[in-house]
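S.K.: Dumping the structure here so I can ask a few things about it.
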Amino acid sequence: MANAGVLLLLVAVPTLSPIPSLAMTQDFCVADLTKSETPVGYPCRPPASVTADDFHNVGLAAPGPVLDPFQTGLATAFVTHFPGLNGLGLGATRVDIHPGGVVPLHTHPAGSELLYVMEGTVSAGFISGATNTVYIKTVSKGELFVFPQGLLHFQYNIGNTTVVALAVYSSHMPGLQAVDFALFKSDLPSAVAEKITFLGDSEVKRLKALFGGRALQEKGILHTVV
């Protein structure tokens, strides 16, 4: 009976494994961006249509647009603009944090992040989901810091010069949800935001306005929503 139990376990284990991407079963799987994405990535383009350009990208050569009010520029290299990444479990972002700038509290649901600081110094940290313990470290030029998948994390510039960093992800599309945007750049009514954040009415409206909200009259009460 014991041997039968072991055999049953061995048979069952493969069914619990993640679905492999096509890039893991062949040399590569350059994304066919004309088709819909699947749980394991985009369908593959015919090999005859693939060129070296599909494996080359210049998206991180220059700073990306600066996001207000964070004073941080982001340039990305994900599968939607870099089809050779499809199924390889890789993506990247160039992060330019100006003096006084921040990368606000956010999470990547589908990937871990490895941060490499190329210029400047940041304070970087994440919050454990199990214990709410904060792990925070000063990270200087040439140093690395890793953010585990799905955990809330942040960075901010603690120097007088612009920080330039490279963030590499364990997914070609790691996803992103920023806490500030979720609360104050969504259609979440101000009254609900006040309840779940314990912030006062005036502060919630100020934050919604800061993140680009508009006024909406709802049941006789003025709410600021996006």
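Lettering and numbering for the structure tokens are positional, with chains as A, B, ... in the shown order, residues counted from 1 in each chain, and ligands counted from 1 in the shown order.
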Write out as a VMD selection string each polymer residue whose atoms come within 8 Å of segment 94-109 of chain A, counting only C-alpha atoms; drop sequence neighbours fewer than 2 positions from it.
M.R.: chain A and resid 60 63 to 64 70 to 76 92 111 to 112 149 to 167 174 to 180
S.K.: So that I can check the secondary structure, give me every residue of segment 86-222 of chain A assigned alpha helix (DSSP H) by backbone DSSP, as a list in words.
M.R.: Val179, Asp180, Phe181, Ala182, Leu183, Phe184, Ser190, Ala191, Val192, Ala193, Glu194, Lys195, Ile196, Thr197, Asp201, Ser202, Glu203, Val204, Lys205, Arg206, Leu207, Lys208, Ala209 and Leu210 of chain A
S.K.: Excluding same-chain residues fewer than 5 positions from Ala31 of chain A, what lies within 7 Å of it counting only C-alpha atoms, as a ChimeraX atom specification?
M.R.: /A:42-45,83-84,86
S.K.: List every residue of segment 141-197 of chain A that DSSP, applied to the backbone of this structure, places in strand (DSSP E), and write the result as a ChimeraX atom specification.
M.R.: /A:144-147,153-157,163-169,177-178
S.K.: Counting only C-alpha atoms, which residue out of A:Lys208, A:Pro65, A:Thr25, A:Ser128 sits closest to Ser186 of chain A?
M.R.: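 Closest candidate: A:Lys208.
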